[in-house]
$ cat start.txt   # compact mmCIF, C-alpha atoms (C1' of nucleotides)
# COMPACT_ATOMS: atom_id res chain seq x y z
CA MET A 1 -4.80 -249.49 19.70
CA ILE A 2 -4.87 -249.01 23.41
CA LYS A 3 -5.23 -252.05 25.59
CA GLU A 4 -8.53 -252.32 27.39
CA ASN A 5 -8.47 -252.40 31.16
CA VAL A 6 -8.30 -255.68 32.97
CA LYS A 7 -11.98 -256.21 33.51
CA ASP A 8 -12.87 -255.46 29.91
CA ARG A 9 -10.09 -257.69 28.66
CA ILE A 10 -11.49 -260.55 30.71
CA ILE A 11 -14.98 -259.99 29.36
CA SER A 12 -13.77 -259.70 25.78
CA ALA A 13 -11.72 -262.86 25.96
CA ALA A 14 -14.42 -264.83 27.74
CA SER A 15 -17.07 -263.63 25.31
CA GLU A 16 -15.20 -264.84 22.29
CA LEU A 17 -14.34 -268.18 23.87
CA PHE A 18 -17.78 -268.79 25.36
CA TYR A 19 -19.52 -268.04 22.09
CA PHE A 20 -17.26 -269.73 19.59
CA ASP A 21 -15.85 -272.61 21.63
CA GLY A 22 -18.68 -273.13 24.11
CA TYR A 23 -19.04 -272.53 27.81
CA ASN A 24 -18.00 -276.00 28.87
CA GLN A 25 -15.09 -276.11 26.46
CA THR A 26 -13.70 -272.92 27.93
CA GLY A 27 -11.68 -273.16 31.13
CA ILE A 28 -10.67 -270.33 33.40
CA ASN A 29 -7.08 -270.82 32.35
CA LYS A 30 -7.88 -270.25 28.70
CA ILE A 31 -9.68 -267.06 29.59
CA ILE A 32 -6.83 -265.57 31.60
CA GLU A 33 -4.34 -266.60 28.95
CA LYS A 34 -6.29 -264.97 26.16
CA ALA A 35 -7.03 -261.90 28.24
CA GLU A 36 -3.38 -261.65 29.28
CA VAL A 37 -4.42 -261.28 32.86
CA SER A 38 -3.30 -262.99 36.02
CA LYS A 39 -5.62 -265.43 37.71
CA ASP A 40 -5.56 -263.34 40.83
CA SER A 41 -6.80 -260.31 38.95
CA MET A 42 -9.52 -262.32 37.35
CA TYR A 43 -10.87 -263.54 40.64
CA ARG A 44 -10.70 -260.03 41.98
CA HIS A 45 -13.20 -258.95 39.34
CA PHE A 46 -15.33 -262.09 39.16
CA ARG A 47 -16.04 -264.47 41.95
CA SER A 48 -16.58 -267.41 39.57
CA LYS A 49 -16.80 -268.56 36.01
CA GLU A 50 -20.56 -268.36 36.31
CA ALA A 51 -20.30 -264.69 37.22
CA ILE A 52 -18.31 -264.03 34.05
CA ALA A 53 -20.95 -265.81 32.04
CA VAL A 54 -23.69 -263.62 33.43
CA VAL A 55 -21.86 -260.44 32.47
CA TYR A 56 -21.00 -261.96 29.10
CA LEU A 57 -24.66 -262.62 28.40
CA GLU A 58 -25.88 -259.26 29.59
CA GLN A 59 -23.29 -257.42 27.54
CA ARG A 60 -23.89 -259.58 24.52
CA HIS A 61 -27.61 -258.97 24.67
CA LYS A 62 -27.14 -255.25 24.91
CA ALA A 63 -24.78 -255.13 21.96
CA TRP A 64 -26.95 -257.46 19.93
CA ILE A 65 -30.10 -255.44 20.45
CA THR A 66 -28.26 -252.26 19.59
CA ASP A 67 -26.86 -253.75 16.43
CA MET A 68 -30.23 -255.13 15.42
CA THR A 69 -32.09 -251.92 16.15
CA ASN A 70 -29.58 -250.08 14.06
CA TYR A 71 -29.98 -252.52 11.21
CA LEU A 72 -33.75 -252.22 11.37
CA SER A 73 -33.81 -248.44 11.55
CA VAL A 74 -33.97 -248.05 7.78
CA LYS A 75 -37.31 -249.86 7.74
CA PRO A 76 -40.56 -248.21 8.74
CA ALA A 77 -41.65 -249.00 12.27
CA GLY A 78 -44.09 -251.83 12.92
CA GLN A 79 -44.68 -254.99 10.93
CA GLU A 80 -42.10 -254.27 8.26
CA ARG A 81 -39.45 -253.84 10.87
CA VAL A 82 -40.44 -257.09 12.55
CA ILE A 83 -40.17 -258.97 9.29
CA ALA A 84 -36.76 -257.48 8.68
CA ILE A 85 -35.56 -259.11 11.90
CA PHE A 86 -35.09 -262.25 9.87
CA ASP A 87 -32.88 -260.40 7.42
CA TYR A 88 -30.83 -259.27 10.35
CA LEU A 89 -30.53 -262.83 11.63
CA ASN A 90 -29.36 -263.89 8.20
CA HIS A 91 -26.87 -261.07 8.04
CA TRP A 92 -25.53 -261.86 11.48
CA LEU A 93 -25.41 -265.66 11.43
CA SER A 94 -23.83 -265.98 8.01
CA GLN A 95 -20.93 -263.99 9.41
CA VAL A 96 -20.32 -266.35 12.33
CA ASP A 97 -20.62 -269.62 10.41
CA TYR A 98 -24.08 -270.19 11.87
CA ARG A 99 -22.76 -270.58 15.39
CA GLY A 100 -26.27 -269.95 16.70
CA CYS A 101 -27.51 -268.07 19.72
CA GLY A 102 -25.13 -267.61 22.62
CA PHE A 103 -28.07 -267.82 24.99
CA GLN A 104 -29.50 -271.01 23.59
CA ASN A 105 -26.04 -272.53 23.49
CA ILE A 106 -25.32 -271.91 27.13
CA ILE A 107 -28.54 -272.98 28.86
CA THR A 108 -28.70 -276.39 27.26
CA ASP A 109 -25.82 -277.86 29.21
CA ILE A 110 -24.71 -276.17 32.42
CA PRO A 111 -24.19 -277.45 35.96
CA LYS A 112 -27.49 -277.85 37.75
CA ASP A 113 -26.76 -275.18 40.33
CA GLN A 114 -25.91 -272.32 37.99
CA ASN A 115 -29.32 -270.73 38.02
CA SER A 116 -28.22 -267.16 37.54
CA ILE A 117 -27.33 -268.06 33.96
CA LYS A 118 -30.77 -269.44 33.27
CA GLU A 119 -32.35 -266.36 34.75
CA VAL A 120 -30.42 -263.93 32.62
CA VAL A 121 -31.23 -265.95 29.50
CA ARG A 122 -34.93 -265.75 30.28
CA LYS A 123 -34.69 -262.06 31.02
CA CYS A 124 -33.02 -261.30 27.69
CA LYS A 125 -35.51 -263.37 25.72
CA ASP A 126 -38.32 -261.55 27.44
CA ASP A 127 -36.72 -258.30 26.43
CA MET A 128 -36.65 -259.33 22.79
CA HIS A 129 -40.21 -260.53 23.08
CA ARG A 130 -41.29 -257.14 24.37
CA PHE A 131 -39.50 -255.41 21.53
CA ILE A 132 -41.46 -257.39 18.98
CA LEU A 133 -44.77 -256.82 20.69
CA ASP A 134 -44.12 -253.09 20.90
CA GLU A 135 -43.29 -252.91 17.21
CA LEU A 136 -46.39 -254.85 16.23
CA ASN A 137 -48.58 -252.58 18.30
CA LYS A 138 -47.35 -249.60 16.30
CA THR A 139 -49.03 -250.54 13.04
CA SER A 140 -51.39 -253.43 13.60
CA SER A 141 -55.13 -253.18 13.31
CA GLU A 142 -57.29 -253.62 16.38
CA SER A 143 -58.49 -256.97 15.16
CA MET A 144 -55.03 -258.44 15.24
CA ASP A 145 -54.00 -260.31 18.37
CA THR A 146 -50.51 -258.89 18.57
CA LYS A 147 -49.74 -260.67 21.84
CA GLU A 148 -50.42 -264.03 20.24
CA ILE A 149 -48.53 -263.19 17.08
CA SER A 150 -45.53 -261.98 19.02
CA ASN A 151 -45.44 -265.39 20.70
CA GLU A 152 -45.45 -267.09 17.33
CA ILE A 153 -42.72 -264.86 15.98
CA MET A 154 -40.55 -265.61 18.99
CA VAL A 155 -40.94 -269.29 18.21
CA LEU A 156 -39.94 -268.66 14.61
CA ILE A 157 -36.86 -266.73 15.63
CA GLU A 158 -35.62 -269.34 18.11
CA GLY A 159 -36.30 -272.15 15.69
CA ALA A 160 -34.65 -270.47 12.75
CA ILE A 161 -31.49 -269.78 14.71
CA MET A 162 -31.30 -273.31 16.10
CA LEU A 163 -32.03 -275.04 12.83
CA SER A 164 -29.57 -272.91 10.90
CA GLN A 165 -26.99 -273.95 13.46
CA ILE A 166 -27.78 -277.62 13.08
CA GLN A 167 -27.87 -277.48 9.31
CA LYS A 168 -25.14 -274.88 8.87
CA ALA A 169 -27.33 -273.23 6.28
CA ASN A 170 -29.56 -270.21 5.97
CA TRP A 171 -32.71 -271.83 4.60
CA PRO A 172 -34.34 -271.95 8.04
CA LEU A 173 -33.94 -268.18 8.28
CA VAL A 174 -35.47 -267.70 4.86
CA ALA A 175 -38.34 -270.03 5.68
CA ALA A 176 -38.98 -268.30 8.98
CA LYS A 177 -39.21 -264.95 7.27
CA LYS A 178 -41.76 -266.27 4.81
CA ALA A 179 -43.79 -267.80 7.61
CA CYS A 180 -43.67 -264.53 9.51
CA GLU A 181 -44.93 -262.60 6.51
CA ARG A 182 -47.85 -264.93 6.07
CA LEU A 183 -48.74 -264.82 9.74
CA LEU A 184 -48.88 -261.05 9.62
CA LYS A 185 -51.35 -261.02 6.74
CA MET B 186 -37.26 -307.83 36.27
CA ILE B 187 -34.27 -309.29 34.55
CA LYS B 188 -31.17 -307.18 34.31
CA GLU B 189 -30.34 -305.98 30.84
CA ASN B 190 -27.09 -307.07 29.34
CA VAL B 191 -24.01 -304.95 29.79
CA LYS B 192 -24.23 -302.98 26.58
CA ASP B 193 -27.90 -302.11 27.07
CA ARG B 194 -27.27 -301.14 30.66
CA ILE B 195 -24.58 -298.72 29.52
CA ILE B 196 -26.85 -297.19 26.92
CA SER B 197 -29.76 -296.90 29.34
CA ALA B 198 -27.67 -295.24 32.01
CA ALA B 199 -25.94 -292.90 29.60
CA SER B 200 -29.21 -291.95 27.96
CA GLU B 201 -30.80 -290.87 31.18
CA LEU B 202 -27.73 -288.96 32.30
CA PHE B 203 -27.02 -287.32 28.96
CA TYR B 204 -30.58 -286.15 28.59
CA PHE B 205 -31.42 -284.99 32.07
CA ASP B 206 -28.02 -283.87 33.34
CA GLY B 207 -26.36 -282.92 30.07
CA TYR B 208 -23.53 -284.37 28.03
CA ASN B 209 -20.80 -282.28 29.60
CA GLN B 210 -22.12 -282.77 33.10
CA THR B 211 -21.98 -286.52 32.70
CA GLY B 212 -18.65 -288.23 33.19
CA ILE B 213 -17.71 -291.74 32.23
CA ASN B 214 -17.51 -292.66 35.89
CA LYS B 215 -21.10 -291.67 36.52
CA ILE B 216 -22.20 -293.77 33.61
CA ILE B 217 -20.44 -296.94 34.74
CA GLU B 218 -21.65 -296.43 38.28
CA LYS B 219 -25.26 -296.04 37.24
CA ALA B 220 -25.00 -298.90 34.77
CA GLU B 221 -23.32 -301.10 37.38
CA VAL B 222 -20.65 -302.03 34.92
CA SER B 223 -16.89 -302.05 35.11
CA LYS B 224 -14.92 -299.48 33.23
CA ASP B 225 -13.12 -302.19 31.34
CA SER B 226 -16.40 -303.61 30.10
CA MET B 227 -17.57 -300.21 29.06
CA TYR B 228 -14.53 -299.54 26.94
CA ARG B 229 -14.89 -302.97 25.43
CA HIS B 230 -18.28 -301.94 24.04
CA PHE B 231 -17.57 -298.29 23.27
CA ARG B 232 -14.28 -296.82 22.29
CA SER B 233 -15.14 -293.41 23.70
CA LYS B 234 -17.74 -291.25 25.34
CA GLU B 235 -18.51 -289.80 21.95
CA ALA B 236 -19.31 -293.28 20.65
CA ILE B 237 -21.84 -293.75 23.44
CA ALA B 238 -23.43 -290.44 22.56
CA VAL B 239 -23.88 -291.45 18.96
CA VAL B 240 -25.71 -294.64 19.91
CA TYR B 241 -27.70 -292.72 22.52
CA LEU B 242 -28.91 -290.28 19.89
CA GLU B 243 -29.70 -292.93 17.30
CA GLN B 244 -31.66 -294.98 19.77
CA ARG B 245 -33.43 -291.97 21.18
CA HIS B 246 -34.49 -290.83 17.76
CA LYS B 247 -35.86 -294.23 16.89
CA ALA B 248 -37.86 -294.48 20.09
CA TRP B 249 -39.08 -290.91 19.79
CA ILE B 250 -40.32 -291.31 16.24
CA THR B 251 -42.05 -294.54 17.18
CA ASP B 252 -43.74 -292.94 20.15
CA MET B 253 -44.81 -289.94 18.13
CA THR B 254 -46.10 -291.99 15.22
CA ASN B 255 -48.11 -294.02 17.65
CA TYR B 256 -49.53 -290.90 19.25
CA LEU B 257 -50.48 -289.49 15.87
CA SER B 258 -52.07 -292.67 14.56
CA VAL B 259 -55.50 -291.74 15.87
CA LYS B 260 -55.53 -288.70 13.60
CA PRO B 261 -56.23 -288.89 9.88
CA ALA B 262 -53.10 -288.82 7.74
CA GLY B 263 -51.86 -285.57 6.27
CA GLN B 264 -52.27 -282.04 7.56
CA GLU B 265 -54.26 -282.99 10.65
CA ARG B 266 -51.55 -285.36 11.70
CA VAL B 267 -48.87 -282.73 11.18
CA ILE B 268 -50.75 -280.27 13.34
CA ALA B 269 -51.09 -282.88 16.05
CA ILE B 270 -47.31 -283.08 16.26
CA PHE B 271 -47.52 -280.03 18.49
CA ASP B 272 -49.92 -281.82 20.79
CA TYR B 273 -47.42 -284.62 20.99
CA LEU B 274 -44.63 -282.19 21.83
CA ASN B 275 -46.79 -280.76 24.58
CA HIS B 276 -47.61 -284.21 25.89
CA TRP B 277 -43.98 -285.25 25.87
CA LEU B 278 -42.26 -282.11 27.17
CA SER B 279 -44.66 -281.50 30.03
CA GLN B 280 -43.65 -284.92 31.31
CA VAL B 281 -39.93 -284.14 31.38
CA ASP B 282 -40.17 -280.69 32.93
CA TYR B 283 -39.49 -279.08 29.54
CA ARG B 284 -35.98 -280.47 29.35
CA GLY B 285 -36.01 -279.79 25.62
CA CYS B 286 -34.58 -281.75 22.72
CA GLY B 287 -31.71 -284.11 23.42
CA PHE B 288 -30.31 -283.33 20.00
CA GLN B 289 -30.40 -279.58 20.36
CA ASN B 290 -28.95 -279.85 23.83
CA ILE B 291 -25.92 -281.83 22.76
CA ILE B 292 -24.74 -280.02 19.62
CA THR B 293 -24.61 -276.61 21.21
CA ASP B 294 -21.56 -277.31 23.33
CA ILE B 295 -19.29 -280.21 22.46
CA PRO B 296 -15.56 -280.49 21.85
CA LYS B 297 -14.64 -279.22 18.42
CA ASP B 298 -13.46 -282.58 17.14
CA GLN B 299 -16.56 -284.61 17.93
CA ASN B 300 -18.12 -284.40 14.51
CA SER B 301 -19.88 -287.74 14.52
CA ILE B 302 -22.32 -286.27 17.02
CA LYS B 303 -23.13 -283.33 14.79
CA GLU B 304 -23.65 -285.64 11.86
CA VAL B 305 -26.11 -287.89 13.62
CA VAL B 306 -28.05 -284.87 14.86
CA ARG B 307 -28.41 -283.58 11.31
CA LYS B 308 -29.39 -287.00 10.07
CA CYS B 309 -32.17 -287.36 12.61
CA LYS B 310 -33.52 -283.88 11.95
CA ASP B 311 -33.57 -284.66 8.25
CA ASP B 312 -35.52 -287.79 9.03
CA MET B 313 -38.14 -285.81 10.91
CA HIS B 314 -38.24 -283.27 8.11
CA ARG B 315 -38.94 -286.01 5.59
CA PHE B 316 -41.72 -287.38 7.76
CA ILE B 317 -43.49 -284.03 7.76
CA LEU B 318 -43.11 -283.54 4.04
CA ASP B 319 -44.46 -287.01 3.35
CA GLU B 320 -47.50 -286.37 5.51
CA LEU B 321 -48.20 -283.04 3.87
CA ASN B 322 -48.03 -284.58 0.43
CA LYS B 323 -50.78 -286.99 1.37
CA THR B 324 -53.56 -284.43 1.60
CA SER B 325 -52.36 -281.11 0.27
CA SER B 326 -53.64 -279.53 -2.89
CA GLU B 327 -51.36 -279.13 -5.86
CA SER B 328 -51.16 -275.41 -5.34
CA MET B 329 -49.56 -275.79 -1.96
CA ASP B 330 -45.79 -275.67 -1.79
CA THR B 331 -45.37 -278.52 0.66
CA LYS B 332 -41.59 -278.41 0.54
CA GLU B 333 -41.58 -274.79 1.66
CA ILE B 334 -44.22 -275.37 4.30
CA SER B 335 -42.37 -278.34 5.70
CA ASN B 336 -39.36 -276.08 6.15
CA GLU B 337 -41.45 -273.59 8.05
CA ILE B 338 -42.96 -276.28 10.25
CA MET B 339 -39.52 -277.60 11.09
CA VAL B 340 -38.61 -274.12 12.24
CA LEU B 341 -41.72 -273.95 14.38
CA ILE B 342 -40.96 -277.29 16.00
CA GLU B 343 -37.36 -276.47 16.86
CA GLY B 344 -38.31 -273.07 18.14
CA ALA B 345 -41.20 -274.29 20.24
CA ILE B 346 -39.05 -276.91 21.93
CA MET B 347 -36.21 -274.50 22.61
CA LEU B 348 -38.40 -271.69 23.88
CA SER B 349 -40.42 -274.00 26.11
CA GLN B 350 -37.13 -275.11 27.59
CA ILE B 351 -35.97 -271.56 28.23
CA GLN B 352 -39.30 -270.46 29.64
CA LYS B 353 -40.19 -273.73 31.33
CA ALA B 354 -43.71 -273.29 30.03
CA ASN B 355 -45.89 -274.70 27.31
CA TRP B 356 -47.07 -271.48 25.69
CA PRO B 357 -44.49 -271.72 22.90
CA LEU B 358 -45.90 -275.11 21.96
CA VAL B 359 -49.42 -273.75 21.92
CA ALA B 360 -48.36 -270.74 19.85
CA ALA B 361 -46.48 -272.94 17.40
CA LYS B 362 -49.53 -275.09 16.87
CA LYS B 363 -51.66 -272.06 16.11
CA ALA B 364 -49.07 -270.74 13.70
CA CYS B 365 -48.89 -274.11 12.01
CA GLU B 366 -52.64 -274.22 11.55
CA ARG B 367 -52.66 -270.80 9.96
CA LEU B 368 -49.81 -271.63 7.64
CA LEU B 369 -51.67 -274.67 6.39
CA LYS B 370 -54.77 -272.70 5.50
C1' DT C 371 -14.28 -330.48 31.00
C1' DT C 372 -11.26 -327.61 28.72
C1' DT C 373 -10.66 -323.15 26.47
C1' DA C 374 -11.76 -318.64 25.34
C1' DA C 375 -14.28 -314.66 25.96
C1' DA C 376 -16.32 -311.44 28.84
C1' DA C 377 -16.99 -309.03 33.00
C1' DC C 378 -15.16 -307.67 37.19
C1' DG C 379 -12.71 -304.30 40.64
C1' DT C 380 -9.26 -301.30 41.04
C1' DA C 381 -5.17 -298.88 40.39
C1' DC C 382 -3.01 -295.73 37.49
C1' DA C 383 -1.53 -292.15 34.02
C1' DG C 384 -1.76 -287.67 32.67
C1' DA C 385 -4.13 -283.94 31.84
C1' DC C 386 -7.53 -280.96 33.00
C1' DT C 387 -10.82 -278.24 36.20
C1' DT C 388 -12.04 -274.19 39.53
C1' DG C 389 -10.45 -271.53 42.91
C1' DT C 390 -6.97 -270.01 46.78
C1' DC C 391 -2.80 -268.29 48.42
C1' DT C 392 1.82 -266.15 48.56
C1' DG C 393 5.13 -262.84 47.54
C1' DT C 394 6.61 -259.38 44.27
C1' DT C 395 6.07 -255.53 41.22
C1' DT C 396 3.59 -252.01 39.09
C1' DT C 397 0.29 -248.32 39.09
C1' DC C 398 -2.43 -244.91 40.94
C1' DT C 399 -3.80 -241.44 44.38
C1' DG C 400 -3.58 -238.39 48.20
C1' DC D 401 6.94 -238.83 47.91
C1' DA D 402 4.43 -242.19 50.71
C1' DG D 403 0.99 -245.52 51.09
C1' DA D 404 -2.69 -248.12 49.26
C1' DA D 405 -4.64 -250.63 45.63
C1' DA D 406 -4.17 -253.41 41.78
C1' DA D 407 -1.88 -256.50 38.82
C1' DC D 408 1.53 -259.71 38.32
C1' DA D 409 3.58 -264.81 38.21
C1' DG D 410 3.23 -269.01 39.84
C1' DA D 411 2.63 -272.68 43.21
C1' DC D 412 -0.85 -275.27 45.18
C1' DA D 413 -5.24 -277.76 46.75
C1' DA D 414 -8.59 -280.92 45.80
C1' DG D 415 -11.03 -282.55 42.71
C1' DT D 416 -12.52 -283.85 37.98
C1' DC D 417 -11.90 -285.89 33.47
C1' DT D 418 -10.97 -289.76 29.76
C1' DG D 419 -8.83 -293.73 28.85
C1' DT D 420 -5.48 -297.88 29.85
C1' DA D 421 -3.68 -301.81 32.31
C1' DC D 422 -3.84 -305.28 35.62
C1' DG D 423 -4.94 -309.75 37.70
C1' DT D 424 -9.09 -312.22 39.05
C1' DT D 425 -13.51 -314.26 38.55
C1' DT D 426 -17.52 -315.48 36.10
C1' DT D 427 -19.85 -317.04 32.04
C1' DA D 428 -20.46 -319.58 27.91
C1' DA D 429 -19.33 -322.32 24.11
C1' DA D 430 -16.71 -326.24 22.05
$ encode --input "start.txt" --output "structure tokens"
Amino acid sequence: MIKENVKDRIISAASELFYFDGYNQTGINKIIEKAEVSKDSMYRHFRSKEAIAVVYLEQRHKAWITDMTNYLSVKPAGQERVIAIFDYLNHWLSQVDYRGCGFQNIITDIPKDQNSIKEVVRKCKDDMHRFILDELNKTSSESMDTKEISNEIMVLIEGAIMLSQIQKANWPLVAAKKACERLLK
Amino acid sequence: MIKENVKDRIISAASELFYFDGYNQTGINKIIEKAEVSKDSMYRHFRSKEAIAVVYLEQRHKAWITDMTNYLSVKPAGQERVIAIFDYLNHWLSQVDYRGCGFQNIITDIPKDQNSIKEVVRKCKDDMHRFILDELNKTSSESMDTKEISNEIMVLIEGAIMLSQIQKANWPLVAAKKACERLLK
DNA sequence: TTTAAAACGTACAGACTTGTCTGTTTTCTG
DNA sequence: CAGAAAACAGACAAGTCTGTACGTTTTAAA
């Protein structure tokens, strides 16, 4: 296995630490140690810890969406695919000991001035929101208010992830799926 | 206005700081400064920052439930009261600039060894869960699976709070209420 | 009024934080 | 092969953090 280049090594190391240990629990020194990179090199690629976090989130979102889309591709487009999102959440979160959403976990407790992080979180959530709305519009009848339902499904997703993290169990994901199914009827 | 005693002053100061600034952004020194208490006195009452957090959460939960119950008391018991929870969330969160749930905000990023915090968060969420189930059982027909629906409503609540925090808007709370109403039909 | 507890201010330990700087070595490119 | 760029190790600044120890003063109870 070939070693990644410096920048990628930094992102990989930071991603793992930020997600599993938490943003505040992860110091710059831990990142450079894990990445096997000198501090000088790190600051050549990123002007601050916040800057690493932004790239971490962007990259994570991209990979997550790709993985999810792939998982959903076996289902027919539209409502069925939207419902299967909850299966994907279950599949994903059970593998990471219900560590929750990297985006939720980072915005709840960051220094007041680190607004770029909050912005990228919002942007990614909007992206997911759009995905759901687009899917719903593929199969839904004209009478259905897909905009409204996409809002409700977003709430279900965020809540299921958070509650499964608190409870370290998958019942919130199962419940959210059931609720989603009923809302789409 | 009479000054609170030392212990209460510590809890008051810590509560405000933990909630509005965040647990990790709040150092012991800020707490004692705001509380106008010596460090020695603080450590006489609490053996650690974690210990303060536990009391903060317990007290916050108690006050929150009281406030909510009071808000809901004008509504008839049962389903109507459960639906009105979302009005209460709206009422509350719009006042604190959608700062979200103090419990969610603290478990997402704490040192790995601080398990007492995680435990108290779970305990309080269970308490809320029980409240909802009890209300539902007051008016629901036998055919309704109140246990299942209470799970789904918990998901809606957590998601609405989290998403309103991310988006700094109340539409998730409005959407969650609508979803709740439909699920109860 | 004596005695004990509690609160005080402050200094301190020791470890951690982010970020800068220096000087050396490696790698890449023209 | 020469020169520039990049990566390296590590010291350092300036500050933060939690938690302890000190001697002094206030408070409260016996």
$ residues_around --input "start.txt" --residues "DA381 of chain C" --least-positions-apart "5" --cutoff "12 Å" --atoms "all atoms listed in the file" --output "count of residues only"
4
$ closest_residue --input "start.txt" --among "B:Thr293, B:Asn190, B:Thr254, B:Ser335" --to "chain A" --atoms "all atoms listed in the file"
B:Thr293
$ interface_residues --input "start.txt" --of "chain C" --to "chain A" --cutoff "12 Å" --atoms "all atoms listed in the file" --output "list in words"
DC386, DT387, DT388, DG389, DT390, DC391 and DT392 of chain C
$ interface_residues --input "start.txt" --of "chain B" --to "chain A" --cutoff "6 Å" --atoms "all atoms listed in the file" --output "list in words"
Gly207, Asn290, Thr293, Asp294, Glu337, Val340, Leu341, Glu343, Gly344, Ala345, Ala360 and Ala361 of chain B
$ residues_around --input "start.txt" --residues "DA430 of chain D" --least-positions-apart "4" --cutoff "10 Å" --atoms "only C-alpha atoms (C1' of nucleotides)" --output "number ranges by chain"
C: 372-374
$ calpha_fit_rmsd --input "start.txt" --fixed "chain B" --moving "chain A"
0.1 Å
$ interface_residues --input "start.txt" --of "chain A" --to "chain D" --cutoff "9 Å" --atoms "all atoms listed in the file" --output "PDB file with C-alpha atoms, in the coordinates of the input"
ATOM      1  CA  VAL A   6      -8.300-255.680  32.970  1.00  0.00           C
ATOM      2  CA  VAL A  37      -4.420-261.280  32.860  1.00  0.00           C
ATOM      3  CA  SER A  38      -3.300-262.990  36.020  1.00  0.00           C
ATOM      4  CA  ASP A  40      -5.560-263.340  40.830  1.00  0.00           C
ATOM      5  CA  SER A  41      -6.800-260.310  38.950  1.00  0.00           C
TER       6      SER A  41
END
$ residues_around --input "start.txt" --residues "segment 265-277 of chain B" --least-positions-apart "2" --cutoff "7 Å" --atoms "all atoms listed in the file" --output "PyMOL selection string"
chain B and resi 253+256-257+260-263+279-281+317+320+355+358+362+365-366
$ atom_distance --input "start.txt" --atom1 "atom C1' of DC378 of chain C" --atom2 "atom CA of Met227 of chain B"
11.3 Å
$ atom_distance --input "start.txt" --atom1 "atom CA of Glu235 of chain B" --atom2 "atom CA of Asp298 of chain B"
10.0 Å
$ atom_distance --input "start.txt" --atom1 "atom CA of Ser116 of chain A" --atom2 "atom CA of Asp67 of chain A"
25.0 Å
$ decode --input "start.txt" --residues "segment 18-29 of chain A" --atoms "N, CA and C atoms" --output "tab-separated table (two decimals), in the first residue's frame"
chain	number	residue	atom	x	y	z
A	18	PHE	N	-11.39	13.54	14.23
A	18	PHE	CA	-12.52	14.44	14.42
A	18	PHE	C	-13.80	13.65	14.60
A	19	TYR	N	-14.00	12.65	13.79
A	19	TYR	CA	-15.26	11.90	13.86
A	19	TYR	C	-15.35	11.04	15.11
A	20	PHE	N	-14.32	10.27	15.36
A	20	PHE	CA	-14.44	9.28	16.44
A	20	PHE	C	-14.09	9.84	17.82
A	21	ASP	N	-13.18	10.80	17.86
A	21	ASP	CA	-12.81	11.36	19.17
A	21	ASP	C	-13.51	12.68	19.45
A	22	GLY	N	-13.85	13.40	18.40
A	22	GLY	CA	-14.48	14.71	18.57
A	22	GLY	C	-13.53	15.83	18.20
A	23	TYR	N	-14.08	16.90	17.73
A	23	TYR	CA	-13.28	18.03	17.27
A	23	TYR	C	-12.48	18.65	18.41
A	24	ASN	N	-13.12	18.85	19.53
A	24	ASN	CA	-12.44	19.49	20.65
A	24	ASN	C	-11.44	18.57	21.34
A	25	GLN	N	-11.68	17.28	21.23
A	25	GLN	CA	-10.76	16.32	21.86
A	25	GLN	C	-9.52	16.08	21.00
A	26	THR	N	-9.52	16.63	19.81
A	26	THR	CA	-8.44	16.38	18.88
A	26	THR	C	-7.55	17.61	18.72
A	27	GLY	N	-6.33	17.53	19.18
A	27	GLY	CA	-5.39	18.63	19.03
A	27	GLY	C	-4.59	18.49	17.76
A	28	ILE	N	-4.02	19.61	17.35
A	28	ILE	CA	-3.15	19.62	16.17
A	28	ILE	C	-2.03	18.58	16.29
A	29	ASN	N	-1.51	18.47	17.47
A	29	ASN	CA	-0.39	17.55	17.67
A	29	ASN	C	-0.77	16.09	17.43
